[in-house]
Structure formats: C-alpha cells, structure tokens
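Shown next, in structure tokens, is the structure this report addresses.
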Amino acid sequence: MTDHIVKIYNVLVFRIDDLWPGLPQNIVFQLSEAPYKPPRGFAHCLYRPGSPVFLQVAPQLGFEHPSRIVGVLSHELGHAVTILTGCCPVDRRQSELVADELGSLIAGSPVRYDRQWVQVIDGSGSSRPLDLDPIGSEILTID
Ligand SMILES: [Zn+2]
C-alpha cells in the first residue's frame with residue numbers, strides 16, 4: 001500500500017523542482033510509523049538547521065483515498081518549501097495557512113479540509129478552520 005504514496009510523492013516533487021529548481025535535493029522522504037496520530041497525523045517534517053528536511057510519512061496514509069494522500073503530502077511539502085526557502089512564518093497558524101497555499105500550488109489544486117480535518121484536493125471540504133491546531137509535532141526542529 002505504500003507504493004502509491006511514493007509514486008504520488010515523486011509526482012509532487014517533480015512539480016516542486018519545476019517551481020523551485022533544485023529544492024527537492026534537500027527533501028528526504030521517509031516512511032515511518034512514528035508520526036501516525038489518527039485521524040489527522042499522517043505526516044510531519046523533521047528539520048535541523050543546515051540539514052535537509054525529512055518528510056516522515058506514516059504507512060497508514062497508503063490506505064487513504066488518493067485525494068487525501070495528495071492533500072497531506074502537498075501540505076507537508078508546503079512546509080518543507082517554507083523551511084528551505086527561509087520564509088517560514090514564525091506564527092504556527094500562519095505557517096499552516098502558508099503550507100496550504102504552497103501545497104495548492106504544488107498539487108495544482110486547492111488544498112482543503114474534509115470532515116475529519118484531513119487535507120484533501122478533490123474540490124470538496126472547506127478551508128482550514130482558524131481554530132484547527134496543527135498536529136502537536138508536525139514540524140519538529142532539532143537543535
Ligand atoms: Zn501543517
């Protein structure tokens with residue numbers, strides 16, 4: 001079930017390379033059990049200043065609808081882009097909104113939120129609620 005996560009990831013990364021040439025060289029994709037927190041915690045970015053961004057994805061994402069897979073990966077890749085371009089907003093809520101905007105650009109379709117507040121790109125859902133907190137450790141910074 002993880003093969004299509006990787007296939008979708010590779011398509012999205014190809015798009016990032018079109019938008020920000022060379023940037024994907026600094027993003028490392030990892031399948032990991034660690035970040036999974038149902039129903040929303042499928043992935044997070046792990047970042048240490050001066051090193052690549054590690055995008056850790058729970059294999060459980062592979063059981064989700066492709067619209068969710070693209071939505072979740074696009075949002076997380078949006079975080080990776082903000083980190084790597086050095087324009088990561090300090091405010092966490094603003095950071096989430098920017099990740100959605102960049103994720104929409106990467107996916108080629110608006111990143112929206114379904115009834116369980118998981119990102120989707122199928123045109124359904126709503127914009128991110130203002131009071132929706134990020135998953136606790138969605139972006140981990142290692143000093
Ligand atoms: Zn986020």
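Convention: chains lettered A, B, ... in structure tokens order; per-chain residue numbering from 1; ligands numbered from 1 as shown.
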Counting only C-alpha atoms and all ligand atoms, what are the residues, protein, DNA or RNA alike, that approach ligand 1 to within 12 Å? I want them as a PyMOL selection string. chain A and resi 40-46+55+71-83+88-89+91-103+111+113+117-119+128+132-140
Contacts of segment 16-24 of chain A within 8 Å, only C-alpha atoms, excl. fewer than 2 positions in-chain, as a PDB file with N, CA and C atoms, in the first residue's frame:
```pdb
ATOM      1  N   LEU A  12       4.718  14.983  -7.061  1.00  0.00           N
ATOM      2  CA  LEU A  12       4.688  16.289  -6.394  1.00  0.00           C
ATOM      3  C   LEU A  12       6.081  16.915  -6.337  1.00  0.00           C
ATOM      4  N   VAL A  13       7.080  16.085  -6.078  1.00  0.00           N
ATOM      5  CA  VAL A  13       8.451  16.594  -6.009  1.00  0.00           C
ATOM      6  C   VAL A  13       8.916  17.087  -7.385  1.00  0.00           C
ATOM      7  N   PHE A  14       8.476  16.406  -8.426  1.00  0.00           N
ATOM      8  CA  PHE A  14       8.790  16.857  -9.788  1.00  0.00           C
ATOM      9  C   PHE A  14       8.223  18.258 -10.001  1.00  0.00           C
ATOM     10  N   ASN A  26      16.981  18.764  -1.237  1.00  0.00           N
ATOM     11  CA  ASN A  26      17.095  18.977   0.207  1.00  0.00           C
ATOM     12  C   ASN A  26      15.888  18.445   0.978  1.00  0.00           C
ATOM     13  N   ILE A  27      15.105  17.606   0.320  1.00  0.00           N
ATOM     14  CA  ILE A  27      13.965  16.982   0.983  1.00  0.00           C
ATOM     15  C   ILE A  27      14.170  15.473   0.951  1.00  0.00           C
ATOM     16  N   VAL A  81       8.974  23.529   1.763  1.00  0.00           N
ATOM     17  CA  VAL A  81       9.388  24.655   0.910  1.00  0.00           C
ATOM     18  C   VAL A  81       9.614  25.903   1.755  1.00  0.00           C
ATOM     19  N   LEU A  84      12.910  25.485   3.633  1.00  0.00           N
ATOM     20  CA  LEU A  84      14.108  25.506   2.792  1.00  0.00           C
ATOM     21  C   LEU A  84      14.335  26.845   2.103  1.00  0.00           C
ATOM     22  N   ILE A 106       1.664  23.381  -5.409  1.00  0.00           N
ATOM     23  CA  ILE A 106       2.377  22.138  -5.733  1.00  0.00           C
ATOM     24  C   ILE A 106       1.418  21.106  -6.318  1.00  0.00           C
TER      25      ILE A 106
END
```
Extract the full set of strand (DSSP E) residues from segment 84-124 of chain A according to DSSP on the backbone, and format it as a PyMOL selection string. chain A and resi 112-113+119-120
Distance in Å - atom CA of Gly50 of chain A versus atom CA of Gly108 of chain A: 29.1 Å
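Nearest to Leu61 of chain A of all the residues A:Arg112, A:Ile121, A:Arg15, A:Pro39 is A:Pro39, counting only C-alpha atoms.
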Kindly indicate which residue among A:Pro59, A:Gly123, A:Pro110, A:Pro129 lies nearest to Lys37 of chain A, using only C-alpha atoms for the distances.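 Nearest to Lys37 of chain A: A:Pro59.
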Using DSSP on the backbone coordinates, identify all residues within segment 32-74 of chain A classified as helix (DSSP H, G or I); present the result as a list of chain:residue names. A:Pro59, A:Gln60, A:Leu61, A:Gly62, A:Phe63, A:Pro66, A:Ser67, A:Arg68, A:Ile69, A:Val70, A:Gly71, A:Val72, A:Leu73, A:Ser74
Between A:Pro49, A:Val11, A:Gln56, A:Val90, which is the closest to Leu31 of chain A once you count only C-alpha atoms? A:Gln56
For a quick check of understanding, using only C-alpha atoms, which of A:Arg68, A:Asn10, A:Thr85, A:Ser32 has the smallest distance to Gly125 of chain A? A:Arg68
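Nearest residue to Val120 of chain A among A:Ser67, A:Gln25, A:Ser104, A:Gln30 is A:Ser67, counting only C-alpha atoms.
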Quote the spacing between atom CA of Ala58 of chain A and atom CA of Glu33 of chain A in Å to one decimal place. 5.1 Å
In Å, rounded to a single decimal, give me how far atom CA of Val53 of chain A is from atom CA of Asp114 of chain A.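 According to the coordinates, atom CA of Asp114 of chain A and atom CA of Val53 of chain A are separated by 26.7 Å.
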